[in-house]
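Data block below; observations after.
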2 protein chains.
Amino acid sequence: MRLSISTNTGEPIFRQIVGQVSRMVYRGQLRVGDELSSVRVLAEELGVNPNTVARAYQELVQGGLLESRPGRGFFVGERRNTFSDEERARRLDAAVESFLQEAAFLGTPASEIKAALNSKLKSTL
Amino acid sequence: MRLSISTNTGEPIFRQIVGQVSRMVYRGQLRVGDELSSVRVLAEELGVNPNTVARAYQELVQGGLLESRPGRGFFVGERRNTFSDEERARRLDAAVESFLQEAAFLGTPASEIKAALNSKLKSTL
DNA sequence: AGACTGTATTATTTTCATTCATACAGATGG
DNA sequence: CCATCTGTATGAATGAAAATAATACAGTCT
């Protein structure tokens, strides 16, 4: 399933997994019905504890991207809206704000900010 | 200086300060030569430890936004490039990636992603 | 039956942000 | 000159969260 984690970034491992799987679903690299690596297998591949993977997968279930079939595995599900409009807007706003704060810290011009975003949106979707 | 922090978000306080000051400089709400609230005063205002504010300010000095004048205070300085092009590109890329991961997790359409970003770029700059 | 799956629980370790308590030196104004 | 601001530095303690570890149990599949 080709996931990669970094341990030096401060970004929690379970959150890295959530983010990467989210993007793979978003891009269509993972489609409805696809089965994910099992908790234990992915944990082995990444060299982390199974509990950590399980937590990430649970988060993705809560987020409406995955379905759990006990005894079988985790599968990409039909997208469900698990957040209220307010909650979703609030989280998106926080994400934008966080992004712009880092861009401002780096002194990145607005044009360059848009370019960086657009390039990633086009090249991967 | 109107800064606001939240303690429930998981985002470290010192990082919130760095981000907010960065944005104020980026917007021009803080201009070259302007003096910032002193470490102890801002700490009092925010109800946090002076060390936390000091750490944030130090980070902003490292980032090339502020200058420290011992015994006098912190001031907005002429913007210095303290990061190599590679480092800057790397950090910007990481920020974009993090942003897109959250957007993907929320299932936000590309059009909405751009809209959210553009609205913040226009309304504040 | 055996080997996988997810799930659950409890305890422990680790890491990091934050607080607390001081202390010291430079700058400033009365 | 002295009081009071400023930044800087240090070391210890606290707290919270992530991650690990060790099991155990139940469902599924061949």
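Scheme for the structure tokens: letters A, B, ... for chains in order shown; per-chain residue numbers from 1; ligand numbers from 1 in order shown.
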DSSP alpha helix (DSSP H) selection over range 6-118 of chain A, as a PyMOL selection string:
chain A and resi 13-27+39-46+50-62+85-106+110-118
Convert the current residue selection to file output with C-alpha atoms, as a PDB file, in the first residue's frame.
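Writing done, so here's part21.pdb:
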```
ATOM      1  CA  ILE A  13       2.418   8.522  13.412  1.00  0.00           C
ATOM      2  CA  PHE A  14      -1.297   7.764  13.555  1.00  0.00           C
ATOM      3  CA  ARG A  15      -2.004  11.180  12.066  1.00  0.00           C
ATOM      4  CA  GLN A  16       0.452  10.590   9.229  1.00  0.00           C
ATOM      5  CA  ILE A  17      -1.351   7.370   8.406  1.00  0.00           C
ATOM      6  CA  VAL A  18      -4.731   9.105   8.476  1.00  0.00           C
ATOM      7  CA  GLY A  19      -3.468  11.842   6.192  1.00  0.00           C
ATOM      8  CA  GLN A  20      -1.817   9.568   3.671  1.00  0.00           C
ATOM      9  CA  VAL A  21      -4.728   7.184   3.390  1.00  0.00           C
ATOM     10  CA  SER A  22      -7.062  10.171   3.042  1.00  0.00           C
ATOM     11  CA  ARG A  23      -5.039  11.472   0.130  1.00  0.00           C
ATOM     12  CA  MET A  24      -4.930   8.089  -1.571  1.00  0.00           C
ATOM     13  CA  VAL A  25      -8.716   7.882  -1.380  1.00  0.00           C
ATOM     14  CA  TYR A  26      -9.003  11.477  -2.550  1.00  0.00           C
ATOM     15  CA  ARG A  27      -6.801  10.767  -5.556  1.00  0.00           C
ATOM     16  CA  VAL A  39      -3.533  -3.707  11.099  1.00  0.00           C
ATOM     17  CA  ARG A  40      -0.769  -6.172  11.947  1.00  0.00           C
ATOM     18  CA  VAL A  41       0.725  -6.290   8.469  1.00  0.00           C
ATOM     19  CA  LEU A  42       0.921  -2.518   8.074  1.00  0.00           C
ATOM     20  CA  ALA A  43       2.328  -2.198  11.578  1.00  0.00           C
ATOM     21  CA  GLU A  44       5.040  -4.673  10.631  1.00  0.00           C
ATOM     22  CA  GLU A  45       5.815  -2.823   7.390  1.00  0.00           C
ATOM     23  CA  LEU A  46       6.085   0.536   9.121  1.00  0.00           C
ATOM     24  CA  PRO A  50      -0.344  -2.454  15.802  1.00  0.00           C
ATOM     25  CA  ASN A  51      -2.274  -0.285  18.231  1.00  0.00           C
ATOM     26  CA  THR A  52      -1.043   2.784  16.433  1.00  0.00           C
ATOM     27  CA  VAL A  53      -2.314   1.559  13.078  1.00  0.00           C
ATOM     28  CA  ALA A  54      -5.600   0.480  14.611  1.00  0.00           C
ATOM     29  CA  ARG A  55      -6.086   3.942  16.019  1.00  0.00           C
ATOM     30  CA  ALA A  56      -5.456   5.536  12.631  1.00  0.00           C
ATOM     31  CA  TYR A  57      -7.911   3.198  10.928  1.00  0.00           C
ATOM     32  CA  GLN A  58     -10.559   3.912  13.548  1.00  0.00           C
ATOM     33  CA  GLU A  59     -10.100   7.601  12.914  1.00  0.00           C
ATOM     34  CA  LEU A  60     -10.667   6.988   9.212  1.00  0.00           C
ATOM     35  CA  VAL A  61     -13.845   5.089  10.015  1.00  0.00           C
ATOM     36  CA  GLN A  62     -15.047   8.009  12.119  1.00  0.00           C
ATOM     37  CA  ASP A  85     -21.358  21.403   8.151  1.00  0.00           C
ATOM     38  CA  GLU A  86     -20.175  23.628  10.972  1.00  0.00           C
ATOM     39  CA  GLU A  87     -17.595  21.151  12.169  1.00  0.00           C
ATOM     40  CA  ARG A  88     -16.324  20.555   8.669  1.00  0.00           C
ATOM     41  CA  ALA A  89     -16.088  24.294   7.970  1.00  0.00           C
ATOM     42  CA  ARG A  90     -14.355  24.858  11.277  1.00  0.00           C
ATOM     43  CA  ARG A  91     -11.728  22.221  10.590  1.00  0.00           C
ATOM     44  CA  LEU A  92     -11.134  23.373   7.038  1.00  0.00           C
ATOM     45  CA  ASP A  93     -10.714  26.920   8.260  1.00  0.00           C
ATOM     46  CA  ALA A  94      -8.227  25.815  10.880  1.00  0.00           C
ATOM     47  CA  ALA A  95      -6.268  23.932   8.227  1.00  0.00           C
ATOM     48  CA  VAL A  96      -6.144  26.964   5.933  1.00  0.00           C
ATOM     49  CA  GLU A  97      -5.081  29.175   8.795  1.00  0.00           C
ATOM     50  CA  SER A  98      -2.330  26.809   9.821  1.00  0.00           C
ATOM     51  CA  PHE A  99      -1.099  26.598   6.247  1.00  0.00           C
ATOM     52  CA  LEU A 100      -1.041  30.356   5.805  1.00  0.00           C
ATOM     53  CA  GLN A 101       0.755  30.838   9.095  1.00  0.00           C
ATOM     54  CA  GLU A 102       3.574  28.607   7.963  1.00  0.00           C
ATOM     55  CA  ALA A 103       3.663  30.308   4.562  1.00  0.00           C
ATOM     56  CA  ALA A 104       3.824  33.704   6.261  1.00  0.00           C
ATOM     57  CA  PHE A 105       6.594  32.501   8.542  1.00  0.00           C
ATOM     58  CA  LEU A 106       8.548  31.438   5.479  1.00  0.00           C
ATOM     59  CA  ALA A 110       0.798  34.939  -2.284  1.00  0.00           C
ATOM     60  CA  SER A 111       1.468  34.003  -5.886  1.00  0.00           C
ATOM     61  CA  GLU A 112       3.876  31.310  -4.809  1.00  0.00           C
ATOM     62  CA  ILE A 113       1.413  29.984  -2.255  1.00  0.00           C
ATOM     63  CA  LYS A 114      -1.236  29.489  -4.895  1.00  0.00           C
ATOM     64  CA  ALA A 115       1.237  27.981  -7.311  1.00  0.00           C
ATOM     65  CA  ALA A 116       2.423  25.428  -4.775  1.00  0.00           C
ATOM     66  CA  LEU A 117      -1.136  24.421  -3.998  1.00  0.00           C
ATOM     67  CA  ASN A 118      -2.294  24.248  -7.599  1.00  0.00           C
TER      68      ASN A 118
END
```
If we count only C-alpha atoms (C1' of nucleotides), which residues of chain C reach to within 12 Å of chain A? Please list them as a compact mmCIF listing (two decimals) with C-alpha atoms (C1' of nucleotides), in the first residue's frame.
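Output file selection24.txt is given in full below:
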```txt
# COMPACT_ATOMS: atom_id res chain seq x y z
C1' DA C 3 -4.44 -18.77 10.52
C1' DC C 4 -5.83 -14.96 9.61
C1' DT C 5 -8.94 -10.71 10.70
C1' DG C 6 -10.67 -6.57 14.09
C1' DT C 7 -11.36 -5.31 19.00
C1' DA C 8 -10.43 -4.47 23.81
C1' DT C 9 -7.84 -3.74 28.02
C1' DT C 15 8.61 12.40 24.45
C1' DC C 16 7.60 17.14 24.59
C1' DA C 17 5.33 21.28 25.85
```
Counting only C-alpha atoms (C1' of nucleotides), a student should be able to say which residues of chain D come within 8 Å of chain A; what is the right answer, written as JSON, numbers by chain?
{"D": [18, 19, 20, 27, 28]}
To one decimal place in Å, what is the distance between CA of Val76 in chain A and CA of Glu35 in chain A?
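Separation of CA of Val76 in chain A and CA of Glu35 in chain A: 6.5 Å.
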So that each row is one residue of chain C with an atom at most 9 Å from range 5-10 of chain D, can you give its shortest atom pair and the distance in Å to one decimal, using only C-alpha atoms (C1' of nucleotides), rows by chain and rising number, as JSON lines?
```
{"residue": "C:DT22", "atom": "C1'", "partner": "D:DT10", "partner_atom": "C1'", "distance": 8.6}
{"residue": "C:DA23", "atom": "C1'", "partner": "D:DA9", "partner_atom": "C1'", "distance": 8.3}
{"residue": "C:DC24", "atom": "C1'", "partner": "D:DT8", "partner_atom": "C1'", "distance": 8.3}
{"residue": "C:DA25", "atom": "C1'", "partner": "D:DT8", "partner_atom": "C1'", "distance": 8.5}
{"residue": "C:DG26", "atom": "C1'", "partner": "D:DT6", "partner_atom": "C1'", "distance": 7.8}
{"residue": "C:DA27", "atom": "C1'", "partner": "D:DT6", "partner_atom": "C1'", "distance": 7.0}
{"residue": "C:DT28", "atom": "C1'", "partner": "D:DC5", "partner_atom": "C1'", "distance": 7.6}
```
Enter the distance from CA of Gly33 in chain A to CA of Phe75 in chain A, in Å, rounded to one decimal.
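Pair CA of Gly33 in chain A / CA of Phe75 in chain A returns 5.7 Å.
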To one decimal place, how far is CA of Leu36 in chain A from CA of Ser119 in chain A in Å?
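Between CA of Leu36 in chain A and CA of Ser119 in chain A the gap is 27.9 Å.
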